[in-house]
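Accompanying notes for the structure given below.
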Amino acid sequence: MLYLVALLLHCLPLAMGQYDICKSWVTTDDGPSWEFYACQPKAMRMKDYVTVRVDPAGITCGDPPERFCTHENPYLCSDECDASNPDLAHPPKLMFDSEDEGLATYWQSVTWRRYPEPLLANITLSWNKSIELTDDIVITFEYGRPTIMMLEKSLDNGRTWHPYQYYADDCMEAFSMPARRVRDLSTTSANRVLCTEEYSRWAGSKKEKTVRFEVRDRFAIFAGPDLKNMDNLYTRLESAKGLKDFFTVTDLRMRLLRPALGGTYVQRENLYKYFYAVSNIEVTGRCKCNLHANLCTFKEGSLQCECEHNTTGQDCGKCKKNFRSRSWRAGSYLPLPNGSPNACAAAGSAFGNCECYGHSNRCSYIDFLNVVTCVSCKHNTRGQHCQHCRLGFYRNSSAELDDENVCIECNCNQIGSMHDRCNEKGYCECKEGATGPKCDDCLPNYYWRQGCFPNVCDDELLLCQNGGTCYQNQRCVCPVGFKGVLCQQSRCEADKKDCDGAPSARGSLSTILLGVLALQLRGWVDL
């Protein structure tokens with residue numbers, strides 16, 4: 001019976017398809033053991049696990065209630081959006097609900113009642129998890145597609161954003177880019193960001209509702225029109241720089257920049273027919289597990305890889321404790337057909353009990369100290385166990401010891417700081433007059449000029465007086481009530497008329513002439 005189970009498990013890779021299984025139990029001359037394979041989860045509808053945010057505040061219609069009309073009936077504006085009435089409300093969640101009996105439900109923005117002020121809306125989709133796109137992103141608009149929009153992506157949970165694709169009825173006018181089609185890209189430009197006019201021009205048909213980000217067309221550049229040559233695609237994903245990351249996201253953002261115009265110019269007498277309405281967003285992909293898992297489950301409000309190959313983490317991005325005899329590596333699609341699992345291995349005899357937290361794969365025994373120490377610590381770490389940060393780096397408090405980003409560079413300002421080292425919180429030691437975590441700012445009464453210097457206004461280091469401020473190290477800008485080259489003279493003492501807020505023309509002229517003369521004597525004015 002055990003033999004039959006082992007045989008069945010050994011045959012599973014063929015039965016389940018490519019990269020569907022992570023390991024099988026095999027028997028060799030050395031006895032039974034696990035054989036590992038590169039593996040990945042199945043593709044699924046990612047909208048079922050998404051968190052959506054719409055901004056700016058107040059962009060969703062219904063508060064206060066307002067009426068709107070459509071391009072088909074532009075002067076019959078009997079429809080209403082009212083957030084307090086469930087039958088008339090259009091909240092963001094309706095972009096992801098199931099539409100029964102063909103009745104479209106949709107999120108809707110306010111109308112363009114404030115024209116010519118732009119009508120702008122952002123729709124942000126977040127997964128709190130890296131996902132790999134496997135099919136087209138399809139956005140369905142009710143009442144007309146935008147004439148201008150952008151699709152952006154993030155790889156770091158929304159901290160930074162990058163353009164993914166531009167959409168416009170006139171790409172050159174909107175984004176200063178020529179219009180291109182994905183199907184015209186080549187193998188060397190498959191991950192190019194482009195602008196397309198295919199989804200923005202008014203067609204006058206109710207069927208023209210969808211806007212796409214064409215993932216399949218980009219895959220077809222390598223796998224053929226029917227995506228039959230997937231081996232070539234997998235090979236390119238491993239070998240072409242940046243290609244795999246191009247199809248990886250943690251967040252997507254649609255920036256709606258100008259609504260559908262109905263094929264005409266904006267008709268200012270009827271602005272109630274201009275708005276955005278999205279009924280559905282389809283995103284198909286798989287959890288990114290670095291080819292170390294074939295299952296991904298929804299736990300505690302987020303997607304988690306069920307990691308194999310002795311890996312752990314949300315993306316299987318590190319080795320389990322006691323399995324760090326060599327640095328963590330992602331699995332690989334190559335060599336075909338089973339790939340390379342690059343499994344984490346248990347510490348062997350050469351390591352003894354030495355723990356390097358994944359920052360070194362070599363240890364050395366120091367005889368006269370009778371200790372085993374890690375050698376050639378990476379990721380800016382140091383110490384017997386690579387547990388400390390190199391000089392010029394400090395500990396990332398949000399990262400575990402075995403994280404590649406456990407040490408962050410101090411980045412002290414070379415001019416404003418004493419040296420390139422910082423404390424455990426990342427604060428640098430500043431020179432006199434400098435301040436800030438990186439010593440790149442100046443204290444009050446100091447100014448920046450390749451370092452921080454006292455706020456002086458001539459070569460004799462005389463300070464601006466009575467609250468005056470130095471402008472470009474050339475002249476003092478005086479507060480009300482004072483004048484003079486260094487703001488040293490009270491206007492009231494010089495001319496009583498100035499005390500009443502009526503400056504004397506004669507006094508002002510003499511002050512200017514004295515100021516110019518003083519600057520000329522110091523060599524600052526070349527008459």
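In the structure tokens, chains take letters A, B, ... by order of appearance, with residues numbered from 1 within each chain and ligands from 1 in the order shown.
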| field | Long-range neighbours of Arg390 in chain A as a PyMOL selection string, 12 Å cut-off, only C-alpha atoms, 2 positions minimum in chain | value | chain A and resi 376-383+386-388+392-395+406-410+420-424
Write the residues of the preceding selection, restricted to N, CA, C and O atoms, as a tab-separated table (two decimals), in the first residue's frame.
```
chain	number	residue	atom	x	y	z
A	376	SER	N	32.26	36.61	5.76
A	376	SER	CA	31.76	37.40	4.63
A	376	SER	C	30.26	37.69	4.76
A	376	SER	O	29.46	37.36	3.88
A	377	CYS	N	29.88	38.31	5.88
A	377	CYS	CA	28.47	38.67	6.09
A	377	CYS	C	28.00	39.62	5.00
A	377	CYS	O	28.70	40.57	4.64
A	378	LYS	N	26.82	39.35	4.47
A	378	LYS	CA	26.23	40.19	3.42
A	378	LYS	C	25.14	41.06	3.99
A	378	LYS	O	24.87	41.07	5.19
A	379	HIS	N	24.50	41.82	3.08
A	379	HIS	CA	23.35	42.68	3.42
A	379	HIS	C	23.73	43.72	4.47
A	379	HIS	O	22.92	44.09	5.32
A	380	ASN	N	25.02	44.16	4.43
A	380	ASN	CA	25.51	45.23	5.30
A	380	ASN	C	25.51	44.85	6.77
A	380	ASN	O	25.35	45.71	7.65
A	381	THR	N	25.67	43.54	7.04
A	381	THR	CA	25.74	43.07	8.42
A	381	THR	C	27.18	42.73	8.79
A	381	THR	O	28.05	42.62	7.93
A	382	ARG	N	27.41	42.53	10.08
A	382	ARG	CA	28.73	42.13	10.60
A	382	ARG	C	28.51	41.40	11.92
A	382	ARG	O	27.40	41.31	12.42
A	383	GLY	N	29.59	40.88	12.46
A	383	GLY	CA	29.53	40.21	13.74
A	383	GLY	C	29.66	38.70	13.61
A	383	GLY	O	29.64	38.13	12.51
A	386	CYS	N	26.58	37.65	12.14
A	386	CYS	CA	26.00	38.64	11.21
A	386	CYS	C	24.79	39.32	11.84
A	386	CYS	O	23.81	39.62	11.16
A	387	GLN	N	24.88	39.54	13.15
A	387	GLN	CA	23.72	40.06	13.89
A	387	GLN	C	23.79	41.57	14.10
A	387	GLN	O	22.84	42.16	14.60
A	388	HIS	N	24.92	42.20	13.73
A	388	HIS	CA	25.06	43.64	13.87
A	388	HIS	C	25.12	44.30	12.49
A	388	HIS	O	25.30	43.62	11.48
A	392	GLY	N	28.03	52.90	9.45
A	392	GLY	CA	27.34	53.62	8.38
A	392	GLY	C	25.96	53.08	8.10
A	392	GLY	O	25.26	53.58	7.22
A	393	PHE	N	25.53	52.05	8.86
A	393	PHE	CA	24.19	51.48	8.74
A	393	PHE	C	23.60	51.32	10.13
A	393	PHE	O	24.32	51.28	11.14
A	394	TYR	N	22.27	51.25	10.21
A	394	TYR	CA	21.62	51.05	11.50
A	394	TYR	C	20.49	50.03	11.35
A	394	TYR	O	20.02	49.77	10.25
A	395	ARG	N	20.07	49.48	12.46
A	395	ARG	CA	19.11	48.37	12.46
A	395	ARG	C	17.71	48.83	12.06
A	395	ARG	O	17.19	49.83	12.58
A	406	VAL	N	17.60	44.22	6.86
A	406	VAL	CA	17.68	44.44	8.30
A	406	VAL	C	18.55	45.66	8.64
A	406	VAL	O	18.38	46.28	9.67
A	407	CYS	N	19.46	46.03	7.76
A	407	CYS	CA	20.34	47.17	7.99
A	407	CYS	C	20.08	48.25	6.95
A	407	CYS	O	20.08	47.98	5.75
A	408	ILE	N	19.87	49.47	7.44
A	408	ILE	CA	19.55	50.61	6.57
A	408	ILE	C	20.72	51.59	6.60
A	408	ILE	O	21.29	51.85	7.66
A	409	GLU	N	21.05	52.12	5.45
A	409	GLU	CA	22.17	53.07	5.38
A	409	GLU	C	21.83	54.35	6.12
A	409	GLU	O	20.71	54.86	6.04
A	410	CYS	N	22.82	54.89	6.86
A	410	CYS	CA	22.58	56.12	7.63
A	410	CYS	C	22.30	57.31	6.73
A	410	CYS	O	21.46	58.16	7.04
A	420	ASP	N	30.01	59.47	8.96
A	420	ASP	CA	28.92	58.79	8.26
A	420	ASP	C	28.20	57.77	9.14
A	420	ASP	O	27.40	56.98	8.65
A	421	ARG	N	28.46	57.76	10.44
A	421	ARG	CA	27.81	56.83	11.36
A	421	ARG	C	26.60	57.49	12.02
A	421	ARG	O	26.52	58.72	12.10
A	422	CYS	N	25.67	56.67	12.47
A	422	CYS	CA	24.48	57.19	13.13
A	422	CYS	C	24.14	56.30	14.32
A	422	CYS	O	24.72	55.22	14.49
A	423	ASN	N	23.17	56.73	15.14
A	423	ASN	CA	22.79	55.92	16.29
A	423	ASN	C	21.77	54.87	15.88
A	423	ASN	O	21.43	54.73	14.70
A	424	GLU	N	21.24	54.14	16.87
A	424	GLU	CA	20.35	53.03	16.57
A	424	GLU	C	19.02	53.47	15.97
A	424	GLU	O	18.28	52.65	15.43
```
| task | Could you tell me, as a PyMOL selection string, which residues of range 204-382 of chain A DSSP assigns to alpha helix (DSSP H) when given the backbone? | result | chain A and resi 215-223+230-239+243-246
| task | Would you kindly return, as an MDAnalysis selection string, each protein, DNA or RNA residue with an atom no farther than 12 Å from any atom of range 170-175 of chain A, considering only C-alpha atoms and excluding same-chain residues fewer than 3 positions away? | result | chainID A and resid 146:150 163 165:167 178:181 194:202 257:258
Using the selection just defined, write its residues with N, CA and C atoms as a PDB file, in the first residue's frame.
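Result written to selection.pdb:
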```pdb
ATOM      1  N   PRO A 146     -13.583  56.923 -19.928  1.00  0.00           N
ATOM      2  CA  PRO A 146     -12.881  58.210 -19.830  1.00  0.00           C
ATOM      3  C   PRO A 146     -12.127  58.529 -21.110  1.00  0.00           C
ATOM      4  N   THR A 147     -12.021  59.811 -21.411  1.00  0.00           N
ATOM      5  CA  THR A 147     -11.211  60.215 -22.555  1.00  0.00           C
ATOM      6  C   THR A 147      -9.731  60.273 -22.196  1.00  0.00           C
ATOM      7  N   ILE A 148      -9.423  60.442 -20.898  1.00  0.00           N
ATOM      8  CA  ILE A 148      -8.032  60.409 -20.439  1.00  0.00           C
ATOM      9  C   ILE A 148      -7.987  59.687 -19.097  1.00  0.00           C
ATOM     10  N   MET A 149      -7.088  58.725 -18.973  1.00  0.00           N
ATOM     11  CA  MET A 149      -6.860  58.050 -17.695  1.00  0.00           C
ATOM     12  C   MET A 149      -5.467  57.426 -17.685  1.00  0.00           C
ATOM     13  N   MET A 150      -5.019  57.053 -16.500  1.00  0.00           N
ATOM     14  CA  MET A 150      -3.742  56.355 -16.319  1.00  0.00           C
ATOM     15  C   MET A 150      -3.962  55.138 -15.441  1.00  0.00           C
ATOM     16  N   PRO A 163       4.072  54.386 -13.493  1.00  0.00           N
ATOM     17  CA  PRO A 163       3.071  54.278 -14.570  1.00  0.00           C
ATOM     18  C   PRO A 163       3.062  52.885 -15.169  1.00  0.00           C
ATOM     19  N   GLN A 165       0.243  52.055 -17.736  1.00  0.00           N
ATOM     20  CA  GLN A 165      -0.228  52.309 -19.094  1.00  0.00           C
ATOM     21  C   GLN A 165      -1.018  53.617 -19.109  1.00  0.00           C
ATOM     22  N   TYR A 166      -0.907  54.337 -20.243  1.00  0.00           N
ATOM     23  CA  TYR A 166      -1.637  55.593 -20.437  1.00  0.00           C
ATOM     24  C   TYR A 166      -2.768  55.354 -21.437  1.00  0.00           C
ATOM     25  N   TYR A 167      -3.897  56.036 -21.221  1.00  0.00           N
ATOM     26  CA  TYR A 167      -5.063  55.916 -22.099  1.00  0.00           C
ATOM     27  C   TYR A 167      -5.554  57.322 -22.428  1.00  0.00           C
ATOM     28  N   PRO A 178       3.467  59.205 -28.489  1.00  0.00           N
ATOM     29  CA  PRO A 178       2.772  58.661 -29.656  1.00  0.00           C
ATOM     30  C   PRO A 178       1.912  57.464 -29.249  1.00  0.00           C
ATOM     31  N   ALA A 179       0.792  57.280 -29.926  1.00  0.00           N
ATOM     32  CA  ALA A 179      -0.081  56.134 -29.643  1.00  0.00           C
ATOM     33  C   ALA A 179       0.566  54.849 -30.152  1.00  0.00           C
ATOM     34  N   ARG A 180       0.511  53.787 -29.324  1.00  0.00           N
ATOM     35  CA  ARG A 180       1.050  52.496 -29.726  1.00  0.00           C
ATOM     36  C   ARG A 180       0.108  51.395 -29.277  1.00  0.00           C
ATOM     37  N   ARG A 181       0.250  50.235 -29.887  1.00  0.00           N
ATOM     38  CA  ARG A 181      -0.552  49.078 -29.517  1.00  0.00           C
ATOM     39  C   ARG A 181       0.359  48.007 -28.929  1.00  0.00           C
ATOM     40  N   LEU A 194       3.350  52.200 -22.421  1.00  0.00           N
ATOM     41  CA  LEU A 194       2.923  52.906 -23.627  1.00  0.00           C
ATOM     42  C   LEU A 194       1.594  53.621 -23.409  1.00  0.00           C
ATOM     43  N   CYS A 195       1.222  54.407 -24.394  1.00  0.00           N
ATOM     44  CA  CYS A 195      -0.067  55.088 -24.417  1.00  0.00           C
ATOM     45  C   CYS A 195      -0.890  54.512 -25.560  1.00  0.00           C
ATOM     46  N   THR A 196      -2.148  54.198 -25.273  1.00  0.00           N
ATOM     47  CA  THR A 196      -3.026  53.629 -26.289  1.00  0.00           C
ATOM     48  C   THR A 196      -4.273  54.489 -26.443  1.00  0.00           C
ATOM     49  N   GLU A 197      -4.779  54.545 -27.688  1.00  0.00           N
ATOM     50  CA  GLU A 197      -6.018  55.274 -27.983  1.00  0.00           C
ATOM     51  C   GLU A 197      -7.185  54.325 -28.249  1.00  0.00           C
ATOM     52  N   GLU A 198      -6.958  53.019 -28.072  1.00  0.00           N
ATOM     53  CA  GLU A 198      -7.968  52.021 -28.427  1.00  0.00           C
ATOM     54  C   GLU A 198      -9.190  52.057 -27.513  1.00  0.00           C
ATOM     55  N   TYR A 199      -9.044  52.546 -26.302  1.00  0.00           N
ATOM     56  CA  TYR A 199     -10.133  52.433 -25.321  1.00  0.00           C
ATOM     57  C   TYR A 199     -10.677  53.790 -24.870  1.00  0.00           C
ATOM     58  N   SER A 200     -10.376  54.846 -25.587  1.00  0.00           N
ATOM     59  CA  SER A 200     -10.759  56.175 -25.115  1.00  0.00           C
ATOM     60  C   SER A 200     -11.623  56.959 -26.086  1.00  0.00           C
ATOM     61  N   ARG A 201     -11.573  56.613 -27.361  1.00  0.00           N
ATOM     62  CA  ARG A 201     -12.351  57.374 -28.336  1.00  0.00           C
ATOM     63  C   ARG A 201     -13.819  56.987 -28.266  1.00  0.00           C
ATOM     64  N   TRP A 202     -14.687  57.955 -28.432  1.00  0.00           N
ATOM     65  CA  TRP A 202     -16.124  57.730 -28.349  1.00  0.00           C
ATOM     66  C   TRP A 202     -16.614  56.978 -29.584  1.00  0.00           C
ATOM     67  N   LEU A 257      -8.798  61.062 -15.354  1.00  0.00           N
ATOM     68  CA  LEU A 257      -8.380  62.450 -15.557  1.00  0.00           C
ATOM     69  C   LEU A 257      -9.363  63.290 -16.350  1.00  0.00           C
ATOM     70  N   ARG A 258     -10.178  62.657 -17.208  1.00  0.00           N
ATOM     71  CA  ARG A 258     -11.214  63.416 -17.928  1.00  0.00           C
ATOM     72  C   ARG A 258     -12.312  62.438 -18.337  1.00  0.00           C
TER      73      ARG A 258
END
```
Identify all residues of range 275-473 of chain A in strand (DSSP E or B) (DSSP on the backbone) and supply them as a compact mmCIF listing (two decimals) with N, CA, C and O atoms, in the first residue's frame.
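Output saved as part-v2.txt:
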```
# COMPACT_ATOMS: atom_id res chain seq x y z
N ALA A 277 -18.40 56.32 -14.01
CA ALA A 277 -19.19 55.24 -13.42
C ALA A 277 -18.52 53.91 -13.77
O ALA A 277 -18.37 53.59 -14.95
N VAL A 278 -18.11 53.15 -12.76
CA VAL A 278 -17.42 51.87 -12.95
C VAL A 278 -18.27 50.76 -12.37
O VAL A 278 -18.58 50.78 -11.18
N SER A 279 -18.64 49.79 -13.20
CA SER A 279 -19.50 48.71 -12.73
C SER A 279 -18.72 47.45 -12.35
O SER A 279 -19.19 46.65 -11.55
N ASN A 280 -17.50 47.27 -12.89
CA ASN A 280 -16.79 46.03 -12.59
C ASN A 280 -15.29 46.19 -12.88
O ASN A 280 -14.90 46.88 -13.82
N ILE A 281 -14.46 45.57 -12.04
CA ILE A 281 -13.01 45.52 -12.26
C ILE A 281 -12.58 44.07 -12.07
O ILE A 281 -12.76 43.49 -11.00
N GLU A 282 -12.03 43.48 -13.13
CA GLU A 282 -11.57 42.10 -13.08
C GLU A 282 -10.04 42.08 -13.09
O GLU A 282 -9.41 42.63 -14.00
N THR A 284 -7.08 39.12 -12.65
CA THR A 284 -6.79 37.70 -12.51
C THR A 284 -5.29 37.52 -12.31
O THR A 284 -4.48 38.08 -13.05
N GLY A 285 -4.94 36.76 -11.28
CA GLY A 285 -3.53 36.56 -11.01
C GLY A 285 -3.32 35.46 -9.98
O GLY A 285 -4.27 34.77 -9.59
N ARG A 286 -2.10 35.32 -9.54
CA ARG A 286 -1.78 34.34 -8.51
C ARG A 286 -0.91 35.00 -7.45
O ARG A 286 -0.23 36.00 -7.72
N CYS A 287 -0.95 34.46 -6.25
CA CYS A 287 -0.06 34.94 -5.20
C CYS A 287 1.39 34.72 -5.63
O CYS A 287 1.74 33.66 -6.15
N HIS A 292 7.91 28.81 -4.31
CA HIS A 292 8.09 27.96 -3.13
C HIS A 292 6.76 27.49 -2.55
O HIS A 292 6.74 26.95 -1.44
N CYS A 296 -2.26 29.22 -1.76
CA CYS A 296 -2.30 30.55 -1.17
C CYS A 296 -3.68 30.72 -0.54
O CYS A 296 -4.70 30.55 -1.21
N THR A 297 -3.73 31.01 0.75
CA THR A 297 -5.00 31.08 1.47
C THR A 297 -5.20 32.46 2.06
O THR A 297 -4.24 33.22 2.27
N PHE A 298 -6.46 32.77 2.34
CA PHE A 298 -6.82 34.07 2.91
C PHE A 298 -6.92 33.91 4.42
O PHE A 298 -7.83 33.25 4.93
N LYS A 299 -5.97 34.49 5.16
CA LYS A 299 -5.92 34.36 6.61
C LYS A 299 -5.79 35.73 7.25
O LYS A 299 -5.01 36.57 6.80
N SER A 302 -5.69 38.82 5.01
CA SER A 302 -4.74 38.98 3.91
C SER A 302 -4.37 37.62 3.34
O SER A 302 -4.54 36.58 3.99
N LEU A 303 -3.85 37.62 2.12
CA LEU A 303 -3.43 36.40 1.46
C LEU A 303 -2.07 35.95 1.99
O LEU A 303 -1.18 36.78 2.21
N GLN A 304 -1.92 34.63 2.17
CA GLN A 304 -0.68 34.08 2.68
C GLN A 304 -0.29 32.85 1.86
O GLN A 304 -1.12 32.00 1.58
N CYS A 305 0.98 32.77 1.46
CA CYS A 305 1.47 31.58 0.78
C CYS A 305 1.64 30.45 1.80
O CYS A 305 2.10 30.67 2.93
N THR A 311 10.86 27.15 3.51
CA THR A 311 10.80 28.61 3.48
C THR A 311 9.65 29.09 4.34
O THR A 311 8.77 28.32 4.74
N THR A 312 9.62 30.39 4.60
CA THR A 312 8.55 30.97 5.39
C THR A 312 8.36 32.43 4.99
O THR A 312 9.10 32.95 4.15
N LYS A 318 11.99 33.93 2.85
CA LYS A 318 13.15 33.67 3.68
C LYS A 318 13.14 32.21 4.13
O LYS A 318 12.11 31.52 4.05
N CYS A 319 14.28 31.75 4.62
CA CYS A 319 14.39 30.37 5.09
C CYS A 319 13.88 30.25 6.52
O CYS A 319 14.00 31.18 7.32
N SER A 332 13.17 28.77 -9.46
CA SER A 332 13.34 29.16 -10.86
C SER A 332 12.51 28.25 -11.76
O SER A 332 12.36 27.06 -11.48
N SER A 340 13.88 24.73 -10.80
CA SER A 340 14.79 24.54 -9.67
C SER A 340 14.13 25.06 -8.40
O SER A 340 13.78 26.24 -8.33
N CYS A 363 31.15 29.51 7.38
CA CYS A 363 31.59 29.72 8.75
C CYS A 363 33.05 29.30 8.88
O CYS A 363 33.56 28.52 8.07
N SER A 364 33.70 29.83 9.90
CA SER A 364 35.11 29.52 10.12
C SER A 364 35.35 29.31 11.62
O SER A 364 34.77 30.02 12.45
N TYR A 365 36.20 28.34 11.93
CA TYR A 365 36.55 28.08 13.33
C TYR A 365 37.83 28.82 13.67
O TYR A 365 38.87 28.67 13.01
N ILE A 366 37.78 29.66 14.72
CA ILE A 366 38.95 30.41 15.16
C ILE A 366 39.54 29.66 16.35
O ILE A 366 38.97 29.64 17.45
N VAL A 371 35.92 29.54 18.90
CA VAL A 371 34.57 29.94 18.49
C VAL A 371 34.42 29.70 16.99
O VAL A 371 35.40 29.68 16.24
N VAL A 372 33.18 29.51 16.58
CA VAL A 372 32.83 29.44 15.16
C VAL A 372 32.17 30.75 14.78
O VAL A 372 31.26 31.23 15.48
N THR A 373 32.61 31.37 13.72
CA THR A 373 32.08 32.67 13.32
C THR A 373 31.68 32.66 11.85
O THR A 373 32.27 31.94 11.04
N CYS A 374 30.69 33.45 11.53
CA CYS A 374 30.26 33.59 10.14
C CYS A 374 31.31 34.37 9.35
O CYS A 374 31.97 35.26 9.88
N THR A 381 25.67 43.54 7.04
CA THR A 381 25.74 43.07 8.42
C THR A 381 27.18 42.73 8.79
O THR A 381 28.05 42.62 7.93
N ARG A 382 27.41 42.53 10.08
CA ARG A 382 28.73 42.13 10.60
C ARG A 382 28.51 41.40 11.92
O ARG A 382 27.40 41.31 12.42
N HIS A 388 24.92 42.20 13.73
CA HIS A 388 25.06 43.64 13.87
C HIS A 388 25.12 44.30 12.49
O HIS A 388 25.30 43.62 11.48
N CYS A 389 24.98 45.62 12.47
CA CYS A 389 25.06 46.37 11.21
C CYS A 389 26.46 46.97 11.04
O CYS A 389 27.11 47.35 12.02
N PHE A 393 25.53 52.05 8.86
CA PHE A 393 24.19 51.48 8.74
C PHE A 393 23.60 51.32 10.13
O PHE A 393 24.32 51.28 11.14
N TYR A 394 22.27 51.25 10.21
CA TYR A 394 21.62 51.05 11.50
C TYR A 394 20.49 50.03 11.35
O TYR A 394 20.02 49.77 10.25
N ARG A 395 20.07 49.48 12.46
CA ARG A 395 19.11 48.37 12.46
C ARG A 395 17.71 48.83 12.06
O ARG A 395 17.19 49.83 12.58
N CYS A 407 19.46 46.03 7.76
CA CYS A 407 20.34 47.17 7.99
C CYS A 407 20.08 48.25 6.95
O CYS A 407 20.08 47.98 5.75
N ILE A 408 19.87 49.47 7.44
CA ILE A 408 19.55 50.61 6.57
C ILE A 408 20.72 51.59 6.60
O ILE A 408 21.29 51.85 7.66
N GLU A 409 21.05 52.12 5.45
CA GLU A 409 22.17 53.07 5.38
C GLU A 409 21.83 54.35 6.12
O GLU A 409 20.71 54.86 6.04
N SER A 417 27.39 66.60 8.76
CA SER A 417 27.58 65.64 9.85
C SER A 417 29.06 65.48 10.19
O SER A 417 29.94 65.77 9.38
N MET A 418 29.30 64.97 11.41
CA MET A 418 30.68 64.76 11.86
C MET A 418 31.32 63.58 11.13
O MET A 418 32.51 63.58 10.87
N HIS A 419 30.52 62.55 10.84
CA HIS A 419 31.00 61.35 10.17
C HIS A 419 29.80 60.64 9.57
O HIS A 419 28.67 61.16 9.63
N ASP A 420 30.01 59.47 8.96
CA ASP A 420 28.92 58.79 8.26
C ASP A 420 28.20 57.77 9.14
O ASP A 420 27.40 56.98 8.65
N ARG A 421 28.46 57.76 10.44
CA ARG A 421 27.81 56.83 11.36
C ARG A 421 26.60 57.49 12.02
O ARG A 421 26.52 58.72 12.10
N CYS A 422 25.67 56.67 12.47
CA CYS A 422 24.48 57.19 13.13
C CYS A 422 24.14 56.30 14.32
O CYS A 422 24.72 55.22 14.49
N CYS A 428 22.15 61.11 12.81
CA CYS A 428 23.57 61.36 12.62
C CYS A 428 24.06 62.41 13.62
O CYS A 428 23.28 63.20 14.16
N GLU A 429 25.38 62.43 13.86
CA GLU A 429 25.98 63.42 14.75
C GLU A 429 26.34 64.66 13.93
O GLU A 429 27.14 64.58 12.98
N CYS A 430 25.73 65.79 14.28
CA CYS A 430 25.82 67.00 13.44
C CYS A 430 26.94 67.93 13.88
O CYS A 430 27.28 68.02 15.07
N ALA A 434 24.27 72.68 12.39
CA ALA A 434 23.46 71.76 11.59
C ALA A 434 22.47 71.01 12.47
O ALA A 434 22.68 70.85 13.68
N THR A 435 21.39 70.55 11.88
CA THR A 435 20.36 69.83 12.63
C THR A 435 19.63 68.89 11.68
O THR A 435 19.92 68.85 10.48
N ASP A 441 19.98 70.13 7.58
CA ASP A 441 19.24 71.37 7.80
C ASP A 441 20.04 72.22 8.78
O ASP A 441 21.01 71.75 9.39
N CYS A 442 19.65 73.49 8.93
CA CYS A 442 20.37 74.40 9.82
C CYS A 442 19.49 74.86 10.96
O CYS A 442 18.26 74.99 10.82
N TYR A 446 21.13 80.31 11.46
CA TYR A 446 22.19 79.78 10.62
C TYR A 446 21.64 79.64 9.21
O TYR A 446 20.44 79.50 9.02
N TYR A 447 22.50 79.67 8.22
CA TYR A 447 22.07 79.48 6.85
C TYR A 447 22.98 78.45 6.19
O TYR A 447 24.10 78.19 6.65
N TRP A 448 22.43 77.79 5.14
CA TRP A 448 23.18 76.70 4.48
C TRP A 448 23.98 77.25 3.31
O TRP A 448 23.46 77.87 2.40
N CYS A 452 26.52 74.78 7.55
CA CYS A 452 25.71 75.78 8.24
C CYS A 452 26.62 76.84 8.84
O CYS A 452 27.57 76.52 9.57
N PHE A 453 26.33 78.11 8.54
CA PHE A 453 27.11 79.24 9.03
C PHE A 453 26.18 80.23 9.71
O PHE A 453 24.99 80.30 9.39
N PRO A 454 26.74 81.01 10.64
CA PRO A 454 25.89 82.03 11.29
C PRO A 454 25.29 82.97 10.24
O PRO A 454 25.89 83.22 9.20
N VAL A 456 25.03 85.85 8.80
CA VAL A 456 25.74 87.13 8.71
C VAL A 456 25.55 87.75 7.35
O VAL A 456 25.18 87.06 6.40
N LEU A 463 26.05 90.63 12.39
CA LEU A 463 24.73 90.04 12.28
C LEU A 463 23.68 91.08 11.93
O LEU A 463 23.79 92.25 12.31
N THR A 469 16.59 89.68 8.70
CA THR A 469 17.02 88.40 8.15
C THR A 469 17.93 88.63 6.96
O THR A 469 17.76 89.58 6.20
N CYS A 470 18.90 87.75 6.82
CA CYS A 470 19.89 87.89 5.76
C CYS A 470 19.38 87.28 4.47
O CYS A 470 18.91 86.14 4.46
N TYR A 471 19.48 87.99 3.38
CA TYR A 471 19.03 87.51 2.07
C TYR A 471 20.23 87.23 1.19
O TYR A 471 21.00 88.15 0.83
```
| Selected residue of minimal separation from Pro92 in chain A among A:Ile59, A:Val375, A:Leu237, A:Leu185, counting only C-alpha atoms |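 Ranked by minimum distance to Pro92 in chain A, first place goes to A:Ile59.
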With a cut-off of 9 Å, could you pull out the residues of range 76-168 of chain A touching range 36-45 of chain A and give me the nearest pair of atoms for each, distance in Å to one decimal, using only C-alpha atoms, ordered by chain and ascending number, as CSV?
```
residue,atom,partner,partner_atom,distance
A:Glu132,CA,A:Ala43,CA,8.8
A:Leu133,CA,A:Ala43,CA,8.4
A:Thr134,CA,A:Ala43,CA,6.8
A:Asp135,CA,A:Ala43,CA,8.9
```
With N, CA and C atoms retained, write the just-selected residues as an mmCIF file, in the first residue's frame.
```
data_model
loop_
_atom_site.group_PDB
_atom_site.id
_atom_site.type_symbol
_atom_site.label_atom_id
_atom_site.label_comp_id
_atom_site.auth_asym_id
_atom_site.auth_seq_id
_atom_site.Cartn_x
_atom_site.Cartn_y
_atom_site.Cartn_z
ATOM 1 N N GLU A 132 1.040 38.124 -8.981
ATOM 2 C CA GLU A 132 1.531 38.081 -10.355
ATOM 3 C C GLU A 132 0.342 37.997 -11.300
ATOM 4 N N LEU A 133 0.227 38.961 -12.202
ATOM 5 C CA LEU A 133 -0.895 38.988 -13.141
ATOM 6 C C LEU A 133 -0.763 37.846 -14.143
ATOM 7 N N THR A 134 -1.898 37.176 -14.420
ATOM 8 C CA THR A 134 -1.893 36.072 -15.379
ATOM 9 C C THR A 134 -2.867 36.299 -16.524
ATOM 10 N N ASP A 135 -3.664 37.341 -16.460
ATOM 11 C CA ASP A 135 -4.628 37.631 -17.529
ATOM 12 C C ASP A 135 -4.879 39.135 -17.567
#
```
